[in-house]
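K.L.:
The structure's right below; bear with me while I get my questions together.
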Amino acid sequence: MRVQIAADITDRKHIDEVNQQQQKRLEQTSRLITMGEMASSLAHELNQPLSAIANYCAGCIKRMQAGNYRFEDLLAAMQKAADQAERAGKIIRRMRDMVKKSDPKREPISLAELVDEARAFADIEAQRTGTQIVVELPENLPRIVVDRIMIEQVLLNLVKNGIEAMNSVPFDRRRLFIQARQTDERMLEVAVADQGHGLAEEDVERIFAPFYTTKPEGMGIGLAICRSIIEFHQGRLWVEPRREGGTVFRFTVPIEEEDE
Amino acid sequence: MSEVTPSIYVVDDDEAMRDSMSWLLEGEGYRVTCFDSAESFLRARRDEMRGCIVLDVRMPEMSGLELHEKLDSLGSQLPIIFVTGHGDVPMAVAALQRGACDFIEKPFHNQDLLDRIQRALELDSEIAQRRQRDNAISNRLGQLTQREHEVMQLVVAGKLNKQIADELEISMKTVEAHRARVMEKMGVRTLAELVKAVMTLR
Ligand SMILES: Nc1ncnc2c1ncn2[C@@H]1O[C@H](COP(=O)(O)OP(=O)(O)O)[C@@H](O)[C@H]1O
Ligand SMILES: [Mg+2]
């Protein structure tokens with residue numbers, strides 16, 4: 001009898017644990033989804049002031065070219081364009097605030113664990129496209145202090161971009177590498193490397209601008225969000241062409257201090 | 001007949017979009033009239049309106065698509081250019097399939113919009129010309145007497161004067177007289193012109 005009860009308890013404990021884990025997963029998924037949705041609705045909102053600015057400017061150019069304008073009219077139009085730029089700025093600021101307000105919880109975590117969690121999502125995309133994700137992490141990496149959801153979001157975005165960049169290379173080249181190394185006593189560097197179509201030298205900064213995209217259905221907001229997230233962690237995010245073809249995105253994140 | 005000046009009707013719930021669109025389009029020499037909702041456009045709409053509609057797909061209350069449907073049911077033929085945001089493209093394609101004129105995705109290139117407007121206005125003036133021609137023809141048809149009408153039907157059906165005379169039981173001379181008056185009233189000189197005029201109405 002006693003034994004039976006004990007078994008029941010461990011069972012229940014086990015079920016609770018599984019439930020808790022599932023609950024956590026669910027929360028993480030919903031946070032990931034919310035960020036994506038937020039980005040898309042903000043893109044919608046930004047369209048209004050951006051289109052208005054373009055209209056005001058084009059209207060001014062046309063009139064000035066035709067030499068047919070009243071100074072006061074142009075001034076008023078430019079003033080309104082400036083107001084719209086401010087409106088756009090406010091929307092961007094709100095986006096930043098939302099990223100911050102999503103209550104970042106920085107905690108020490110192992111990169112390996114974080115990569116595992118991000119892979120759960122990335123693998124779906126990888127399987128669909130026949131891409132192999134190769135994770136090569138050195139043993140004994142120190143733990144990093146980050147908001148895990150945010151950094152998972154960054155990893156996911158980079159992996160997704162990498163997969164998309166390889167959509168027209170032969171299947172046996174569709175390999176994506178996730179690597180890491182410690183650069184100094186404060187920072188860890190993570191690299192996501194692909195063997196895709198690569199990047200022109202003049203694009204290495206431009207791709208981080210919000211709404212820069214070369215994809216027909218792209219939103220051009222992924223890398224912009226990634227960069228805000230990494231900078232929020234006092235790290236850096238940049239891109240380098242790979243000599244063997246493709247690109248490698250690198251970012252740094254702070255590691256746990258020794259004396260903690 | 002009073003000439004209605006073509007105008008571009010901008011329907012958008014965003015104030016800045018309306019204002020900047022007017023500034024842009026007026027700079028190109030167009031007449032622009034703005035509406036802040038689908039409802040307010042419907043209230044102002046008249047059959048003789050000419051030009052085209054630049055319509056925001058996303059609006060609170062009645063959406064651009066709903067307005068399109070409503071206008072269709074009212075028999076409006078004003079060409080519509082839908083302005084869509086990211087992700088609205090499937091919606092816009094559905095609208096195109098239901099006969100909207102065109103769509104453009106925000107943020108758009110100004111020249112793109114201007115080109116589309118130009119095309120829409122050309123389409124509108126074709127529609128208006130056709131309508132005017134049809135009106136003229138039906139006015140003329142209305143002036144024919146019962147007998148003249150009967151003669152015309154048979155002429156257009158390719159019957160010879162002799163056959164027409166037999167069928168209507170009148171003399172050849174009378175047929176010829178009717179026939180001449182039909183041509184005169186319809187404002188045509190040849191049989192081919194007459195056939196064409198009657199065909200366009202069908
Ligand atoms: N791994 C990569 N290889 C080559 N180009 C890339 C890669 N990742 C991003 N880019 C370029 O940067 C642009 C912006 O990327 P991103 O901000 O994620 O937006 P999106 O993926 O919606 O286009 C992409 O459209 C693409 O041109
Ligand atoms: Mg992307």
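Identifiers in this document derive from the order of the structure tokens: chains are assigned A, B, ..., residues are numbered from 1 separately in each chain, and ligands are numbered from 1 in order of occurrence.
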Could you please write out, as a PyMOL selection string, every residue of range 46-258 of chain A that DSSP assigns to strand (DSSP E or B)?
P.N.:
chain A and resi 106-109+132-136+144-147+175-182+187-193+237-241+247-255
K.L.:
Could you please select, counting only C-alpha atoms, the residues of chain A within 10 Å of chain B and state them as a PDB file with all heavy atoms, in the first residue's frame?
P.N.:
ATOM      1  N   SER A  40       4.702  43.155 -37.464  1.00  0.00           N
ATOM      2  CA  SER A  40       3.914  43.300 -38.681  1.00  0.00           C
ATOM      3  C   SER A  40       2.880  44.412 -38.547  1.00  0.00           C
ATOM      4  O   SER A  40       2.632  45.149 -39.486  1.00  0.00           O
ATOM      5  CB  SER A  40       3.293  41.955 -39.030  1.00  0.00           C
ATOM      6  OG  SER A  40       1.928  42.071 -39.202  1.00  0.00           O
ATOM      7  N   SER A  41       2.299  44.571 -37.354  1.00  0.00           N
ATOM      8  CA  SER A  41       1.302  45.634 -37.217  1.00  0.00           C
ATOM      9  C   SER A  41       1.982  46.997 -37.195  1.00  0.00           C
ATOM     10  O   SER A  41       1.442  47.985 -37.677  1.00  0.00           O
ATOM     11  CB  SER A  41       0.436  45.421 -35.983  1.00  0.00           C
ATOM     12  OG  SER A  41       1.053  45.968 -34.859  1.00  0.00           O
ATOM     13  N   ALA A  43       4.652  47.665 -38.872  1.00  0.00           N
ATOM     14  CA  ALA A  43       4.996  47.933 -40.267  1.00  0.00           C
ATOM     15  C   ALA A  43       3.812  48.583 -40.959  1.00  0.00           C
ATOM     16  O   ALA A  43       3.960  49.530 -41.718  1.00  0.00           O
ATOM     17  CB  ALA A  43       5.383  46.637 -40.967  1.00  0.00           C
ATOM     18  N   HIS A  44       2.626  48.065 -40.639  1.00  0.00           N
ATOM     19  CA  HIS A  44       1.411  48.646 -41.196  1.00  0.00           C
ATOM     20  C   HIS A  44       1.267  50.102 -40.802  1.00  0.00           C
ATOM     21  O   HIS A  44       1.008  50.974 -41.611  1.00  0.00           O
ATOM     22  CB  HIS A  44       0.197  47.885 -40.671  1.00  0.00           C
ATOM     23  CG  HIS A  44      -0.333  46.932 -41.673  1.00  0.00           C
ATOM     24  ND1 HIS A  44      -0.837  47.346 -42.865  1.00  0.00           N
ATOM     25  CD2 HIS A  44      -0.416  45.587 -41.665  1.00  0.00           C
ATOM     26  CE1 HIS A  44      -1.207  46.297 -43.549  1.00  0.00           C
ATOM     27  NE2 HIS A  44      -0.954  45.209 -42.847  1.00  0.00           N
ATOM     28  N   GLU A  45       1.461  50.341 -39.523  1.00  0.00           N
ATOM     29  CA  GLU A  45       1.280  51.689 -39.007  1.00  0.00           C
ATOM     30  C   GLU A  45       2.289  52.648 -39.606  1.00  0.00           C
ATOM     31  O   GLU A  45       1.976  53.794 -39.901  1.00  0.00           O
ATOM     32  CB  GLU A  45       1.458  51.668 -37.498  1.00  0.00           C
ATOM     33  CG  GLU A  45       0.187  51.816 -36.736  1.00  0.00           C
ATOM     34  CD  GLU A  45       0.491  51.964 -35.276  1.00  0.00           C
ATOM     35  OE1 GLU A  45       0.703  53.090 -34.827  1.00  0.00           O
ATOM     36  OE2 GLU A  45       0.554  50.926 -34.593  1.00  0.00           O
ATOM     37  N   LEU A  46       3.513  52.167 -39.759  1.00  0.00           N
ATOM     38  CA  LEU A  46       4.573  53.024 -40.290  1.00  0.00           C
ATOM     39  C   LEU A  46       4.314  53.408 -41.735  1.00  0.00           C
ATOM     40  O   LEU A  46       4.765  54.457 -42.192  1.00  0.00           O
ATOM     41  CB  LEU A  46       5.912  52.297 -40.199  1.00  0.00           C
ATOM     42  CG  LEU A  46       6.725  52.568 -38.949  1.00  0.00           C
ATOM     43  CD1 LEU A  46       7.987  51.732 -38.962  1.00  0.00           C
ATOM     44  CD2 LEU A  46       7.088  54.041 -38.848  1.00  0.00           C
ATOM     45  N   ASN A  47       3.609  52.566 -42.430  1.00  0.00           N
ATOM     46  CA  ASN A  47       3.304  52.843 -43.820  1.00  0.00           C
ATOM     47  C   ASN A  47       2.615  54.185 -44.014  1.00  0.00           C
ATOM     48  O   ASN A  47       2.843  54.858 -45.005  1.00  0.00           O
ATOM     49  CB  ASN A  47       2.370  51.763 -44.367  1.00  0.00           C
ATOM     50  CG  ASN A  47       3.141  50.731 -45.130  1.00  0.00           C
ATOM     51  OD1 ASN A  47       4.202  51.035 -45.673  1.00  0.00           O
ATOM     52  ND2 ASN A  47       2.634  49.530 -45.180  1.00  0.00           N
ATOM     53  N   GLN A  48       1.763  54.551 -43.076  1.00  0.00           N
ATOM     54  CA  GLN A  48       0.988  55.795 -43.249  1.00  0.00           C
ATOM     55  C   GLN A  48       1.915  57.006 -43.274  1.00  0.00           C
ATOM     56  O   GLN A  48       1.934  57.731 -44.256  1.00  0.00           O
ATOM     57  CB  GLN A  48      -0.058  55.963 -42.139  1.00  0.00           C
ATOM     58  CG  GLN A  48      -0.904  54.751 -41.878  1.00  0.00           C
ATOM     59  CD  GLN A  48      -1.951  54.502 -42.939  1.00  0.00           C
ATOM     60  OE1 GLN A  48      -2.034  55.227 -43.931  1.00  0.00           O
ATOM     61  NE2 GLN A  48      -2.737  53.475 -42.762  1.00  0.00           N
ATOM     62  N   PRO A  49       2.681  57.249 -42.198  1.00  0.00           N
ATOM     63  CA  PRO A  49       3.542  58.440 -42.253  1.00  0.00           C
ATOM     64  C   PRO A  49       4.582  58.368 -43.372  1.00  0.00           C
ATOM     65  O   PRO A  49       4.847  59.385 -43.999  1.00  0.00           O
ATOM     66  CB  PRO A  49       4.217  58.454 -40.880  1.00  0.00           C
ATOM     67  CG  PRO A  49       3.991  57.127 -40.280  1.00  0.00           C
ATOM     68  CD  PRO A  49       2.749  56.579 -40.894  1.00  0.00           C
ATOM     69  N   LEU A  50       5.108  57.182 -43.639  1.00  0.00           N
ATOM     70  CA  LEU A  50       6.125  57.088 -44.690  1.00  0.00           C
ATOM     71  C   LEU A  50       5.535  57.450 -46.049  1.00  0.00           C
ATOM     72  O   LEU A  50       6.135  58.194 -46.823  1.00  0.00           O
ATOM     73  CB  LEU A  50       6.732  55.681 -44.736  1.00  0.00           C
ATOM     74  CG  LEU A  50       7.626  55.317 -43.555  1.00  0.00           C
ATOM     75  CD1 LEU A  50       8.222  53.928 -43.739  1.00  0.00           C
ATOM     76  CD2 LEU A  50       8.729  56.341 -43.373  1.00  0.00           C
ATOM     77  N   SER A  51       4.354  56.934 -46.330  1.00  0.00           N
ATOM     78  CA  SER A  51       3.719  57.270 -47.613  1.00  0.00           C
ATOM     79  C   SER A  51       3.399  58.755 -47.666  1.00  0.00           C
ATOM     80  O   SER A  51       3.560  59.399 -48.703  1.00  0.00           O
ATOM     81  CB  SER A  51       2.431  56.481 -47.804  1.00  0.00           C
ATOM     82  OG  SER A  51       2.674  55.111 -47.681  1.00  0.00           O
ATOM     83  N   ALA A  52       2.929  59.300 -46.545  1.00  0.00           N
ATOM     84  CA  ALA A  52       2.579  60.728 -46.532  1.00  0.00           C
ATOM     85  C   ALA A  52       3.821  61.572 -46.799  1.00  0.00           C
ATOM     86  O   ALA A  52       3.782  62.515 -47.592  1.00  0.00           O
ATOM     87  CB  ALA A  52       1.941  61.100 -45.199  1.00  0.00           C
ATOM     88  N   ILE A  53       4.933  61.232 -46.152  1.00  0.00           N
ATOM     89  CA  ILE A  53       6.180  61.985 -46.373  1.00  0.00           C
ATOM     90  C   ILE A  53       6.559  61.936 -47.854  1.00  0.00           C
ATOM     91  O   ILE A  53       6.876  62.954 -48.467  1.00  0.00           O
ATOM     92  CB  ILE A  53       7.328  61.406 -45.520  1.00  0.00           C
ATOM     93  CG1 ILE A  53       7.063  61.658 -44.032  1.00  0.00           C
ATOM     94  CG2 ILE A  53       8.670  62.042 -45.911  1.00  0.00           C
ATOM     95  CD1 ILE A  53       7.990  60.888 -43.101  1.00  0.00           C
ATOM     96  N   ALA A  54       6.504  60.739 -48.419  1.00  0.00           N
ATOM     97  CA  ALA A  54       6.861  60.595 -49.833  1.00  0.00           C
ATOM     98  C   ALA A  54       5.958  61.462 -50.702  1.00  0.00           C
ATOM     99  O   ALA A  54       6.424  62.123 -51.630  1.00  0.00           O
ATOM    100  CB  ALA A  54       6.761  59.127 -50.246  1.00  0.00           C
ATOM    101  N   ASN A  55       4.657  61.486 -50.383  1.00  0.00           N
ATOM    102  CA  ASN A  55       3.722  62.306 -51.163  1.00  0.00           C
ATOM    103  C   ASN A  55       4.049  63.798 -51.056  1.00  0.00           C
ATOM    104  O   ASN A  55       4.068  64.505 -52.051  1.00  0.00           O
ATOM    105  CB  ASN A  55       2.290  62.095 -50.677  1.00  0.00           C
ATOM    106  CG  ASN A  55       1.752  60.735 -51.066  1.00  0.00           C
ATOM    107  OD1 ASN A  55       2.297  60.077 -51.953  1.00  0.00           O
ATOM    108  ND2 ASN A  55       0.701  60.304 -50.396  1.00  0.00           N
ATOM    109  N   TYR A  56       4.281  64.263 -49.834  1.00  0.00           N
ATOM    110  CA  TYR A  56       4.580  65.690 -49.651  1.00  0.00           C
ATOM    111  C   TYR A  56       5.836  66.061 -50.438  1.00  0.00           C
ATOM    112  O   TYR A  56       5.873  67.068 -51.137  1.00  0.00           O
ATOM    113  CB  TYR A  56       4.792  66.010 -48.166  1.00  0.00           C
ATOM    114  CG  TYR A  56       3.506  66.102 -47.384  1.00  0.00           C
ATOM    115  CD1 TYR A  56       3.327  65.384 -46.203  1.00  0.00           C
ATOM    116  CD2 TYR A  56       2.464  66.932 -47.822  1.00  0.00           C
ATOM    117  CE1 TYR A  56       2.147  65.464 -45.480  1.00  0.00           C
ATOM    118  CE2 TYR A  56       1.273  67.009 -47.101  1.00  0.00           C
ATOM    119  CZ  TYR A  56       1.122  66.275 -45.932  1.00  0.00           C
ATOM    120  OH  TYR A  56      -0.052  66.361 -45.231  1.00  0.00           O
ATOM    121  N   CYS A  57       6.867  65.220 -50.325  1.00  0.00           N
ATOM    122  CA  CYS A  57       8.129  65.542 -51.003  1.00  0.00           C
ATOM    123  C   CYS A  57       7.944  65.536 -52.516  1.00  0.00           C
ATOM    124  O   CYS A  57       8.365  66.468 -53.201  1.00  0.00           O
ATOM    125  CB  CYS A  57       9.219  64.546 -50.611  1.00  0.00           C
ATOM    126  SG  CYS A  57       9.715  64.740 -48.902  1.00  0.00           S
ATOM    127  N   ALA A  58       7.287  64.498 -53.032  1.00  0.00           N
ATOM    128  CA  ALA A  58       7.101  64.411 -54.486  1.00  0.00           C
ATOM    129  C   ALA A  58       6.297  65.610 -54.984  1.00  0.00           C
ATOM    130  O   ALA A  58       6.594  66.171 -56.046  1.00  0.00           O
ATOM    131  CB  ALA A  58       6.410  63.104 -54.859  1.00  0.00           C
ATOM    132  N   GLY A  59       5.291  66.019 -54.214  1.00  0.00           N
ATOM    133  CA  GLY A  59       4.485  67.184 -54.593  1.00  0.00           C
ATOM    134  C   GLY A  59       5.338  68.452 -54.642  1.00  0.00           C
ATOM    135  O   GLY A  59       5.185  69.288 -55.531  1.00  0.00           O
ATOM    136  N   CYS A  60       6.257  68.585 -53.687  1.00  0.00           N
ATOM    137  CA  CYS A  60       7.148  69.755 -53.663  1.00  0.00           C
ATOM    138  C   CYS A  60       8.076  69.730 -54.874  1.00  0.00           C
ATOM    139  O   CYS A  60       8.252  70.737 -55.562  1.00  0.00           O
ATOM    140  CB  CYS A  60       7.991  69.766 -52.388  1.00  0.00           C
ATOM    141  SG  CYS A  60       7.045  70.218 -50.927  1.00  0.00           S
ATOM    142  N   ILE A  61       8.671  68.572 -55.107  1.00  0.00           N
ATOM    143  CA  ILE A  61       9.628  68.452 -56.222  1.00  0.00           C
ATOM    144  C   ILE A  61       8.939  68.831 -57.534  1.00  0.00           C
ATOM    145  O   ILE A  61       9.454  69.628 -58.312  1.00  0.00           O
ATOM    146  CB  ILE A  61      10.170  67.012 -56.297  1.00  0.00           C
ATOM    147  CG1 ILE A  61      11.081  66.736 -55.102  1.00  0.00           C
ATOM    148  CG2 ILE A  61      10.929  66.791 -57.611  1.00  0.00           C
ATOM    149  CD1 ILE A  61      11.471  65.290 -54.928  1.00  0.00           C
ATOM    150  N   LYS A  62       7.754  68.267 -57.722  1.00  0.00           N
ATOM    151  CA  LYS A  62       7.022  68.541 -58.963  1.00  0.00           C
ATOM    152  C   LYS A  62       6.821  70.042 -59.162  1.00  0.00           C
ATOM    153  O   LYS A  62       7.087  70.588 -60.229  1.00  0.00           O
ATOM    154  CB  LYS A  62       5.672  67.823 -58.905  1.00  0.00           C
ATOM    155  CG  LYS A  62       4.775  68.095 -60.064  1.00  0.00           C
ATOM    156  CD  LYS A  62       5.242  67.332 -61.280  1.00  0.00           C
ATOM    157  CE  LYS A  62       4.440  67.786 -62.498  1.00  0.00           C
ATOM    158  NZ  LYS A  62       4.791  66.974 -63.672  1.00  0.00           N
ATOM    159  N   ARG A  63       6.352  70.709 -58.104  1.00  0.00           N
ATOM    160  CA  ARG A  63       6.070  72.140 -58.227  1.00  0.00           C
ATOM    161  C   ARG A  63       7.344  72.933 -58.453  1.00  0.00           C
ATOM    162  O   ARG A  63       7.374  73.878 -59.237  1.00  0.00           O
ATOM    163  CB  ARG A  63       5.367  72.633 -56.969  1.00  0.00           C
ATOM    164  CG  ARG A  63       3.903  72.202 -56.897  1.00  0.00           C
ATOM    165  CD  ARG A  63       3.357  72.452 -55.502  1.00  0.00           C
ATOM    166  NE  ARG A  63       1.934  72.176 -55.386  1.00  0.00           N
ATOM    167  CZ  ARG A  63       1.411  70.974 -55.180  1.00  0.00           C
ATOM    168  NH1 ARG A  63       2.211  69.915 -55.121  1.00  0.00           N
ATOM    169  NH2 ARG A  63       0.103  70.820 -55.055  1.00  0.00           N
ATOM    170  N   MET A  64       8.412  72.556 -57.757  1.00  0.00           N
ATOM    171  CA  MET A  64       9.652  73.306 -57.922  1.00  0.00           C
ATOM    172  C   MET A  64      10.226  73.098 -59.314  1.00  0.00           C
ATOM    173  O   MET A  64      10.749  74.022 -59.927  1.00  0.00           O
ATOM    174  CB  MET A  64      10.658  72.897 -56.833  1.00  0.00           C
ATOM    175  CG  MET A  64      10.269  73.474 -55.479  1.00  0.00           C
ATOM    176  SD  MET A  64      11.020  72.609 -54.102  1.00  0.00           S
ATOM    177  CE  MET A  64      12.579  73.450 -53.999  1.00  0.00           C
ATOM    178  N   ALA A  66       8.525  72.541 -61.962  1.00  0.00           N
ATOM    179  CA  ALA A  66       7.699  73.285 -62.905  1.00  0.00           C
ATOM    180  C   ALA A  66       7.859  74.790 -62.689  1.00  0.00           C
ATOM    181  O   ALA A  66       7.390  75.596 -63.478  1.00  0.00           O
ATOM    182  CB  ALA A  66       6.234  72.880 -62.742  1.00  0.00           C
ATOM    183  N   ASN A  68       6.455  76.461 -60.553  1.00  0.00           N
ATOM    184  CA  ASN A  68       5.113  76.993 -60.354  1.00  0.00           C
ATOM    185  C   ASN A  68       4.679  76.709 -58.926  1.00  0.00           C
ATOM    186  O   ASN A  68       4.066  75.698 -58.644  1.00  0.00           O
ATOM    187  CB  ASN A  68       4.186  76.313 -61.375  1.00  0.00           C
ATOM    188  CG  ASN A  68       2.739  76.634 -61.100  1.00  0.00           C
ATOM    189  OD1 ASN A  68       2.419  77.653 -60.484  1.00  0.00           O
ATOM    190  ND2 ASN A  68       1.857  75.743 -61.540  1.00  0.00           N
ATOM    191  N   TYR A  69       5.036  77.605 -58.012  1.00  0.00           N
ATOM    192  CA  TYR A  69       4.686  77.339 -56.613  1.00  0.00           C
ATOM    193  C   TYR A  69       4.668  78.639 -55.811  1.00  0.00           C
ATOM    194  O   TYR A  69       5.244  79.645 -56.218  1.00  0.00           O
ATOM    195  CB  TYR A  69       5.703  76.394 -55.984  1.00  0.00           C
ATOM    196  CG  TYR A  69       7.127  76.883 -56.058  1.00  0.00           C
ATOM    197  CD1 TYR A  69       7.648  77.715 -55.067  1.00  0.00           C
ATOM    198  CD2 TYR A  69       7.956  76.503 -57.107  1.00  0.00           C
ATOM    199  CE1 TYR A  69       8.946  78.166 -55.133  1.00  0.00           C
ATOM    200  CE2 TYR A  69       9.263  76.939 -57.183  1.00  0.00           C
ATOM    201  CZ  TYR A  69       9.747  77.785 -56.185  1.00  0.00           C
ATOM    202  OH  TYR A  69      11.025  78.231 -56.253  1.00  0.00           O
ATOM    203  N   ASP A  73       3.159  77.705 -49.632  1.00  0.00           N
ATOM    204  CA  ASP A  73       2.600  76.360 -49.831  1.00  0.00           C
ATOM    205  C   ASP A  73       3.672  75.302 -49.609  1.00  0.00           C
ATOM    206  O   ASP A  73       3.445  74.300 -48.936  1.00  0.00           O
ATOM    207  CB  ASP A  73       2.058  76.212 -51.258  1.00  0.00           C
ATOM    208  CG  ASP A  73       0.795  77.032 -51.448  1.00  0.00           C
ATOM    209  OD1 ASP A  73       0.228  77.476 -50.417  1.00  0.00           O
ATOM    210  OD2 ASP A  73       0.383  77.215 -52.603  1.00  0.00           O
ATOM    211  N   LEU A  74       4.851  75.535 -50.198  1.00  0.00           N
ATOM    212  CA  LEU A  74       5.937  74.566 -50.044  1.00  0.00           C
ATOM    213  C   LEU A  74       6.317  74.440 -48.577  1.00  0.00           C
ATOM    214  O   LEU A  74       6.503  73.344 -48.054  1.00  0.00           O
ATOM    215  CB  LEU A  74       7.180  75.016 -50.827  1.00  0.00           C
ATOM    216  CG  LEU A  74       7.129  74.918 -52.346  1.00  0.00           C
ATOM    217  CD1 LEU A  74       8.523  75.095 -52.918  1.00  0.00           C
ATOM    218  CD2 LEU A  74       6.560  73.576 -52.781  1.00  0.00           C
ATOM    219  N   ALA A  77       3.844  72.372 -46.742  1.00  0.00           N
ATOM    220  CA  ALA A  77       3.962  70.947 -47.076  1.00  0.00           C
ATOM    221  C   ALA A  77       5.184  70.342 -46.385  1.00  0.00           C
ATOM    222  O   ALA A  77       5.120  69.238 -45.837  1.00  0.00           O
ATOM    223  CB  ALA A  77       4.053  70.766 -48.586  1.00  0.00           C
ATOM    224  N   LYS A  80       4.509  69.757 -42.804  1.00  0.00           N
ATOM    225  CA  LYS A  80       3.681  68.572 -42.569  1.00  0.00           C
ATOM    226  C   LYS A  80       4.487  67.297 -42.751  1.00  0.00           C
ATOM    227  O   LYS A  80       4.295  66.325 -42.023  1.00  0.00           O
ATOM    228  CB  LYS A  80       2.482  68.571 -43.520  1.00  0.00           C
ATOM    229  CG  LYS A  80       1.434  69.600 -43.132  1.00  0.00           C
ATOM    230  CD  LYS A  80       0.223  69.436 -44.035  1.00  0.00           C
ATOM    231  CE  LYS A  80      -0.337  70.787 -44.435  1.00  0.00           C
ATOM    232  NZ  LYS A  80      -1.289  70.686 -45.536  1.00  0.00           N
ATOM    233  N   ALA A  81       5.406  67.303 -43.719  1.00  0.00           N
ATOM    234  CA  ALA A  81       6.267  66.131 -43.909  1.00  0.00           C
ATOM    235  C   ALA A  81       7.104  65.907 -42.657  1.00  0.00           C
ATOM    236  O   ALA A  81       7.258  64.776 -42.188  1.00  0.00           O
ATOM    237  CB  ALA A  81       7.163  66.319 -45.133  1.00  0.00           C
ATOM    238  N   ASP A  83       6.329  66.762 -39.637  1.00  0.00           N
ATOM    239  CA  ASP A  83       5.442  66.223 -38.596  1.00  0.00           C
ATOM    240  C   ASP A  83       5.249  64.718 -38.764  1.00  0.00           C
ATOM    241  O   ASP A  83       5.209  63.969 -37.790  1.00  0.00           O
ATOM    242  CB  ASP A  83       4.058  66.884 -38.664  1.00  0.00           C
ATOM    243  CG  ASP A  83       4.122  68.355 -38.252  1.00  0.00           C
ATOM    244  OD1 ASP A  83       5.155  68.750 -37.681  1.00  0.00           O
ATOM    245  OD2 ASP A  83       3.143  69.087 -38.520  1.00  0.00           O
ATOM    246  N   GLN A  84       5.114  64.299 -40.011  1.00  0.00           N
ATOM    247  CA  GLN A  84       4.910  62.872 -40.276  1.00  0.00           C
ATOM    248  C   GLN A  84       6.159  62.073 -39.928  1.00  0.00           C
ATOM    249  O   GLN A  84       6.073  60.943 -39.460  1.00  0.00           O
ATOM    250  CB  GLN A  84       4.515  62.642 -41.735  1.00  0.00           C
ATOM    251  CG  GLN A  84       3.113  63.124 -42.060  1.00  0.00           C
ATOM    252  CD  GLN A  84       2.072  62.515 -41.160  1.00  0.00           C
ATOM    253  OE1 GLN A  84       1.997  61.295 -41.017  1.00  0.00           O
ATOM    254  NE2 GLN A  84       1.269  63.336 -40.505  1.00  0.00           N
ATOM    255  N   GLU A 217       8.144  38.740 -50.351  1.00  0.00           N
ATOM    256  CA  GLU A 217       7.202  38.749 -49.241  1.00  0.00           C
ATOM    257  C   GLU A 217       7.874  39.164 -47.939  1.00  0.00           C
ATOM    258  O   GLU A 217       7.332  38.963 -46.861  1.00  0.00           O
ATOM    259  CB  GLU A 217       6.544  37.379 -49.076  1.00  0.00           C
ATOM    260  CG  GLU A 217       5.565  37.013 -50.177  1.00  0.00           C
ATOM    261  CD  GLU A 217       4.391  37.974 -50.255  1.00  0.00           C
ATOM    262  OE1 GLU A 217       3.735  38.205 -49.227  1.00  0.00           O
ATOM    263  OE2 GLU A 217       4.135  38.501 -51.354  1.00  0.00           O
ATOM    264  N   GLY A 218       9.083  39.705 -48.042  1.00  0.00           N
ATOM    265  CA  GLY A 218       9.833  40.056 -46.827  1.00  0.00           C
ATOM    266  C   GLY A 218       9.309  41.316 -46.185  1.00  0.00           C
ATOM    267  O   GLY A 218       8.627  42.120 -46.810  1.00  0.00           O
ATOM    268  N   MET A 219       9.630  41.465 -44.905  1.00  0.00           N
ATOM    269  CA  MET A 219       9.201  42.653 -44.207  1.00  0.00           C
ATOM    270  C   MET A 219      10.396  43.531 -43.885  1.00  0.00           C
ATOM    271  O   MET A 219      10.257  44.694 -43.543  1.00  0.00           O
ATOM    272  CB  MET A 219       8.483  42.256 -42.934  1.00  0.00           C
ATOM    273  CG  MET A 219       7.459  43.254 -42.530  1.00  0.00           C
ATOM    274  SD  MET A 219       6.117  42.458 -41.705  1.00  0.00           S
ATOM    275  CE  MET A 219       6.979  41.518 -40.505  1.00  0.00           C
TER     276      MET A 219
END
K.L.:
Show me which residues are within 10 Å of ligand 2 counting only C-alpha atoms and all ligand atoms, and format the list as a list in words.
P.N.:
Leu156, Asn157, Leu158, Val159, Lys160, Asn161, Gly162, Ile163, Glu164, Ala165, Ile207, Tyr212, Thr213, Thr214, Lys215, Gly218, Met219, Gly220, Ile221, Gly222, Leu223, Ala224, Ile225 and Cys226 of chain A
K.L.:
For the atom pair CA of Glu107 in chain A and atom 16 (P, counted along the ligand's line) of ligand 1, what is the interatomic distance in Å to one decimal place?
P.N.:
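Going from CA of Glu107 in chain A over to atom 16 (P, counted along the ligand's line) of ligand 1 covers 27.3 Å.
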K.L.:
Run DSSP on the backbone and give me the residues of range 41-167 of chain B it puts in helix (DSSP H, G or I), as number ranges by chain.
P.N.:
B: 41-44, 64-73, 89-97, 110-143, 146-156, 161-167
K.L.:
Could you give me, as a list of chain:residue names, the residues within 6 Å of range 135-151 of chain A, counting only C-alpha atoms and dropping anything in the same chain fewer than 6 positions from it?
P.N.:
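Listing them by chain and then by number gives A:Pro104, A:Lys105, A:Arg106, A:Glu107, A:Pro108, A:Ile109, A:Ser110, A:Phe177, A:Ile178, A:Gln179, A:Ala180, A:Pro254, A:Ile255, A:Glu256.
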K.L.:
Identify, on the basis of only C-alpha atoms, every residue whose closest approach to Gly187 in chain B does not exceed 10 Å; exclude the query and any residue fewer than 4 positions from it along the same chain; express the result as a PyMOL selection string.
P.N.:
chain B and resi 137+140+181-183+193-194+197
K.L.:
Rank A:Glu257, A:Asp194, A:Glu125, A:Glu152 by their smallest atom-to-atom distance to ligand 1, using only C-alpha atoms and all ligand atoms, and report the top residue only.
P.N.:
A:Asp194
K.L.:
For range 60-68 of chain B, work out the shell of residues within 8 Å, counting only C-alpha atoms and skipping chain neighbours fewer than 6 positions away, then give it as a list in words.
P.N.:
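Counting only the stated atoms, we get Asp13, Ser37, Ala38, Glu39, Ile80, Phe82, Ala95 and Ala100 of chain B.
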